[in-house]
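*Asks:* Contents of query.pdb (PDB, C-alpha atoms):
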ATOM      1  CA  MET A  12     114.652 101.625 192.169
ATOM      2  CA  VAL A  13     118.451 101.548 192.373
ATOM      3  CA  LYS A  14     118.604  99.167 189.392
ATOM      4  CA  PHE A  15     116.394 101.524 187.382
ATOM      5  CA  VAL A  16     118.611 104.543 188.155
ATOM      6  CA  LEU A  17     121.757 102.550 187.366
ATOM      7  CA  ALA A  18     120.299 101.243 184.092
ATOM      8  CA  SER A  19     119.186 104.763 183.148
ATOM      9  CA  ALA A  20     122.651 106.151 183.845
ATOM     10  CA  VAL A  21     124.326 103.459 181.723
ATOM     11  CA  LEU A  22     121.849 104.041 178.886
ATOM     12  CA  CYS A  23     122.323 107.797 179.100
ATOM     13  CA  CYS A  24     126.123 107.432 178.946
ATOM     14  CA  ALA A  25     125.883 105.066 175.989
ATOM     15  CA  LEU A  26     123.574 107.445 174.103
ATOM     16  CA  SER A  27     125.762 110.455 174.832
ATOM     17  CA  PHE A  28     128.807 108.518 173.586
ATOM     18  CA  ALA A  29     126.968 107.607 170.381
ATOM     19  CA  VAL A  30     125.840 111.183 169.817
ATOM     20  CA  ALA A  31     129.297 112.561 170.618
ATOM     21  CA  ASN A  32     130.850 110.057 168.203
ATOM     22  CA  SER A  33     128.667 111.256 165.311
ATOM     23  CA  CYS A  34     130.444 113.710 163.023
ATOM     24  CA  ALA A  35     129.192 117.272 163.432
ATOM     25  CA  ASN A  36     129.643 119.769 160.578
ATOM     26  CA  PRO A  37     131.600 117.447 158.248
ATOM     27  CA  ASP A  38     134.159 119.123 156.002
ATOM     28  CA  VAL A  39     135.238 116.982 153.048
ATOM     29  CA  LYS A  40     138.074 117.535 150.571
ATOM     30  CA  THR A  41     138.285 115.096 147.652
ATOM     31  CA  ASN A  42     140.654 113.772 145.022
ATOM     32  CA  PHE A  43     139.217 111.775 142.146
ATOM     33  CA  TYR A  44     140.862 109.286 139.794
ATOM     34  CA  SER A  45     139.402 107.233 136.943
ATOM     35  CA  THR A  46     140.351 105.170 133.935
ATOM     36  CA  THR A  47     141.229 107.501 131.071
ATOM     37  CA  ASP A  48     141.760 104.969 128.276
ATOM     38  CA  ALA A  49     138.840 102.639 127.590
ATOM     39  CA  THR A  50     140.173 101.054 124.395
ATOM     40  CA  ILE A  51     141.324  97.780 125.974
ATOM     41  CA  VAL A  52     139.196  97.464 129.119
ATOM     42  CA  SER A  53     135.611  96.348 129.630
ATOM     43  CA  GLN A  54     134.912  98.487 132.702
ATOM     44  CA  ILE A  55     135.849 101.959 133.872
ATOM     45  CA  GLY A  56     137.357 102.173 137.360
ATOM     46  CA  PHE A  57     136.566 105.110 139.630
ATOM     47  CA  VAL A  58     138.407 105.987 142.847
ATOM     48  CA  THR A  59     137.608 108.923 145.081
ATOM     49  CA  GLU A  60     139.827 109.670 148.038
ATOM     50  CA  PHE A  61     138.616 112.155 150.599
ATOM     51  CA  THR A  62     139.639 113.740 153.863
ATOM     52  CA  LEU A  63     136.929 114.107 156.511
ATOM     53  CA  LYS A  64     137.156 116.704 159.253
ATOM     54  CA  CYS A  65     134.505 117.088 161.950
ATOM     55  CA  SER A  66     133.998 119.957 164.360
ATOM     56  CA  ASN A  67     133.931 117.478 167.262
ATOM     57  CA  ALA A  68     137.316 115.830 167.866
ATOM     58  CA  GLY A  69     137.704 112.116 167.336
ATOM     59  CA  ALA A  70     134.569 111.656 165.251
ATOM     60  CA  GLU A  71     136.620 111.268 162.039
ATOM     61  CA  LYS A  72     137.742 107.794 163.069
ATOM     62  CA  GLN A  73     134.315 106.213 162.680
ATOM     63  CA  PRO A  74     133.540 103.686 159.938
ATOM     64  CA  LEU A  75     131.913 105.174 156.856
ATOM     65  CA  PHE A  76     129.863 103.714 154.027
ATOM     66  CA  ALA A  77     129.201 105.089 150.560
ATOM     67  CA  GLU A  78     126.378 104.894 148.040
ATOM     68  CA  VAL A  79     127.103 105.511 144.365
ATOM     69  CA  LEU A  80     124.567 104.868 141.602
ATOM     70  CA  GLY A  81     122.400 102.888 144.013
ATOM     71  CA  LYS A  82     125.237 100.568 145.089
ATOM     72  CA  LEU A  83     126.508 100.467 148.682
ATOM     73  CA  ALA A  84     130.152  99.959 149.604
ATOM     74  CA  PRO A  85     132.331 100.517 152.650
ATOM     75  CA  ALA A  86     134.651 103.518 152.625
ATOM     76  CA  VAL A  87     138.142 102.195 153.314
ATOM     77  CA  ARG A  88     140.301 104.093 155.765
ATOM     78  CA  VAL A  89     143.716 104.814 154.223
ATOM     79  CA  GLY A  90     145.206 107.182 156.799
ATOM     80  CA  ASP A  91     144.405 109.762 159.427
ATOM     81  CA  ASN A  92     141.005 111.157 158.494
ATOM     82  CA  LYS A  93     141.488 109.805 154.934
ATOM     83  CA  TYR A  94     139.047 107.444 153.257
ATOM     84  CA  GLN A  95     138.741 105.894 149.831
ATOM     85  CA  VAL A  96     135.737 104.668 147.851
ATOM     86  CA  SER A  97     136.044 102.807 144.548
ATOM     87  CA  TRP A  98     133.604 101.329 142.058
ATOM     88  CA  ASN A  99     133.474  99.994 138.476
ATOM     89  CA  GLU A 100     130.970 100.514 135.692
ATOM     90  CA  GLU A 101     130.623  98.993 132.245
ATOM     91  CA  ILE A 102     131.843 101.265 129.474
ATOM     92  CA  LYS A 103     128.416 101.282 127.797
ATOM     93  CA  LYS A 104     126.770 102.642 130.969
ATOM     94  CA  VAL A 105     129.355 105.346 131.698
ATOM     95  CA  SER A 106     129.045 108.909 130.499
ATOM     96  CA  SER A 107     131.019 112.010 131.298
ATOM     97  CA  GLY A 108     129.584 114.270 133.957
ATOM     98  CA  SER A 109     129.090 114.448 137.699
ATOM     99  CA  TYR A 110     128.701 111.480 140.012
ATOM    100  CA  THR A 111     127.324 111.850 143.526
ATOM    101  CA  VAL A 112     128.877 109.834 146.346
ATOM    102  CA  ARG A 113     126.663 109.830 149.439
ATOM    103  CA  LEU A 114     128.538 109.079 152.684
ATOM    104  CA  PHE A 115     126.901 107.465 155.708
ATOM    105  CA  ASP A 116     128.023 106.861 159.267
ATOM    106  CA  GLU A 117     126.964 103.666 161.065
ATOM    107  CA  GLU A 118     123.632 105.087 162.196
ATOM    108  CA  SER A 119     122.531 106.412 158.813
ATOM    109  CA  TYR A 120     123.871 103.264 157.099
ATOM    110  CA  ALA A 121     121.609 101.184 159.359
ATOM    111  CA  ALA A 122     118.693 103.371 158.203
ATOM    112  CA  VAL A 123     119.691 102.737 154.565
ATOM    113  CA  ARG A 124     119.761  98.964 155.103
ATOM    114  CA  LYS A 125     116.391  99.142 156.862
ATOM    115  CA  ALA A 126     114.930 101.084 153.921
ATOM    116  CA  GLN A 127     116.335  98.482 151.504
ATOM    117  CA  ARG A 128     114.769  95.607 153.437
ATOM    118  CA  ALA A 129     111.434  97.421 153.487
ATOM    119  CA  GLY A 130     111.640  98.036 149.735
ATOM    120  CA  GLU A 131     111.753 101.803 150.197
ATOM    121  CA  ASP A 132     113.849 104.314 148.266
ATOM    122  CA  ILE A 133     117.268 104.748 149.911
ATOM    123  CA  GLN A 134     117.468 108.306 148.566
ATOM    124  CA  SER A 135     115.081 109.326 151.338
ATOM    125  CA  VAL A 136     117.739 108.601 154.003
ATOM    126  CA  LYS A 137     119.779 111.694 154.856
ATOM    127  CA  PRO A 138     123.531 111.047 154.428
ATOM    128  CA  LEU A 139     126.286 112.315 156.698
ATOM    129  CA  THR A 140     127.591 114.313 153.730
ATOM    130  CA  THR A 141     127.660 114.181 149.950
ATOM    131  CA  VAL A 142     130.654 114.349 147.624
ATOM    132  CA  THR A 143     130.290 115.221 143.950
ATOM    133  CA  VAL A 144     133.030 114.131 141.559
ATOM    134  CA  SER A 145     133.391 115.134 137.924
ATOM    135  CA  PHE A 146     134.255 112.481 135.324
ATOM    136  CA  PRO A 147     135.629 113.988 132.096
ATOM    137  CA  GLY A 148     135.098 110.794 130.098
ATOM    138  CA  ALA A 149     137.427 108.146 128.754
ATOM    139  CA  TYR A 150     139.053 107.725 125.358
ATOM    140  CA  LYS A 151     137.254 104.930 123.514
ATOM    141  CA  GLY A 152     139.390 104.881 120.382
ATOM    142  CA  PRO A 153     139.366 106.694 117.038
ATOM    143  CA  TRP A 154     136.165 107.289 115.109
ATOM    144  CA  VAL A 155     137.497 105.268 112.164
ATOM    145  CA  ASN A 156     139.688 102.243 112.792
ATOM    146  CA  SER A 157     143.002 102.146 110.919
ATOM    147  CA  GLU A 158     142.054  98.817 109.293
ATOM    148  CA  ILE A 159     138.982 100.362 107.688
ATOM    149  CA  LEU A 160     140.956 103.404 106.572
ATOM    150  CA  ALA A 161     143.684 101.194 105.028
ATOM    151  CA  THR A 162     141.076  99.063 103.218
ATOM    152  CA  GLY A 163     139.441 102.185 101.774
ATOM    153  CA  LEU A 164     142.796 103.570 100.682
ATOM    154  CA  VAL A 165     143.748 100.283  98.966
ATOM    155  CA  GLY A 166     140.361 100.252  97.196
ATOM    156  CA  PHE A 167     140.864 103.855  95.994
ATOM    157  CA  VAL A 168     144.391 103.152  94.717
ATOM    158  CA  ALA A 169     143.165  99.996  92.937
ATOM    159  CA  TYR A 170     140.309 101.968  91.305
ATOM    160  CA  VAL A 171     142.672 104.687  90.079
ATOM    161  CA  ALA A 172     145.148 102.083  88.796
ATOM    162  CA  PHE A 173     142.503 100.117  86.884
ATOM    163  CA  THR A 174     140.853 103.207  85.372
ATOM    164  CA  THR A 175     144.253 104.605  84.290
ATOM    165  CA  ARG A 176     145.210 101.231  82.784
ATOM    166  CA  SER A 177     141.935 100.977  80.869
ATOM    167  CA  LYS A 178     142.450 104.497  79.446
ATOM    168  CA  LEU A 179     146.002 103.625  78.358
ATOM    169  CA  MET A 180     144.880 100.345  76.719
ATOM    170  CA  SER A 181     142.153 101.968  74.628
TER     171      SER A 181
END
What would you get if you wrote out this structure as structure tokens?

*Replies:*
Amino acid sequence: MVKFVLASAVLCCALSFAVANSCANPDVKTNFYSTTDATIVSQIGFVTEFTLKCSNAGAEKQPLFAEVLGKLAPAVRVGDNKYQVSWNEEIKKVSSGSYTVRLFDEESYAAVRKAQRAGEDIQSVKPLTTVTVSFPGAYKGPWVNSEILATGLVGFVAYVAFTTRSKLMS
């Protein structure tokens, strides 16, 4: 009986620590950076840096994980309550608009991994919080390349020169 009470007390303390360590009422402030010139790169880089504040003290120091476009990645801690998530996408797949970054604590991340193993949709798992970032797009170069414009201009000048010459010769 004493072992049962002792085991129950240890389990209760462990569960209360886990619940107390979970972030309550997360408040997130974000900064977003991305590649702006896509003329010489094959992929666009995205970086979102965010500050997490919880109503319960000390819960901000927990490891976080992020899901963007169906891909999972760890959120890297870069300072007090500051995290960073980065990802790359091919230029052909990227469009301007909003991207949703879903953030998970260890418990909800375990539920995501379990859903993946079971072949279920990970969107059904409730995240700790969600961050939406706005991507304005990247410059992909001019509509008409300068080489094509120069070739057309040379062709036009040659046409005018030959037609003027033929009129003068006749």

*Asks:* Spell out the residues picked by the PyMOL selection byres ((chain A and resi 119) around 10) here, as an MDAnalysis selection string.

*Replies:* chainID A and resid 75:76 114:118 120:125 136:139

*Asks:* Take CA of Ser66 in chain A and CA of Cys34 in chain A and report the distance between them in Å, one decimal.

*Replies:*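 Between CA of Ser66 in chain A and CA of Cys34 in chain A the gap works out to 7.3 Å.
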
*Asks:* Here's the selection I'm unsure about, the PyMOL selection byres ((chain A and resi 98) around 8); applied to the file above, which residues does it give, as a list in words?

*Replies:* Gly56, Phe57, Val58, Val96, Ser97, Asn99 and Glu100 of chain A

*Asks:* Quick one: everything within 12 Å of Thr141 in chain A, counting only C-alpha atoms, minus sequence neighbours fewer than 2 positions away in the same chain. Send it as an NGL selection string.

*Replies:* :A and (37-41 or 61 or 63 or 76-79 or 110-116 or 134 or 137-139 or 143-144)

*Asks:* Please compute the CA of Ala49 in chain A-CA of Tyr150 in chain A distance, one decimal, in Å.

*Replies:*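 Computed distance, CA of Ala49 in chain A to CA of Tyr150 in chain A, equals 5.6 Å.
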
*Asks:* Kindly give the distance, in Å, that separates CA of Gln127 in chain A and CA of Val105 in chain A, rounded to a single decimal.

*Replies:*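 Separation of CA of Gln127 in chain A and CA of Val105 in chain A: 24.7 Å.
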
*Asks:* Which polymer residues have any atom within 7 Å of an atom of Asn42 in chain A, counting all atoms listed in the file, with same-chain residues fewer than 2 positions away left out, as a JSON list (two decimals) with C-alpha atoms, in the coordinates of the input?

*Replies:*
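That gives us selection10.json:
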[["chain", "number", "residue", "atom", "x", "y", "z"],
["A", 44, "TYR", "CA", 140.86, 109.29, 139.79],
["A", 59, "THR", "CA", 137.61, 108.92, 145.08],
["A", 60, "GLU", "CA", 139.83, 109.67, 148.04],
["A", 61, "PHE", "CA", 138.62, 112.16, 150.60]]

*Asks:* Using the chain letters and residue numbers of this document, give as a PyMOL selection string the residues selected by the PyMOL selection byres ((chain A and resi 149) around 9).

*Replies:* chain A and resi 45-50+55+102+106-107+146-148+150-151

*Asks:* Give the centre and edge lengths of an axis-aligned box, in Å to one decimal, that holds all listed atoms of range 39-42 of chain A with 6 Å on each side, as lines of an AutoDock Vina configuration file.

*Replies:*
center_x = 137.9
center_y = 115.7
center_z = 149.0
size_x = 17.4
size_y = 15.8
size_z = 20.0
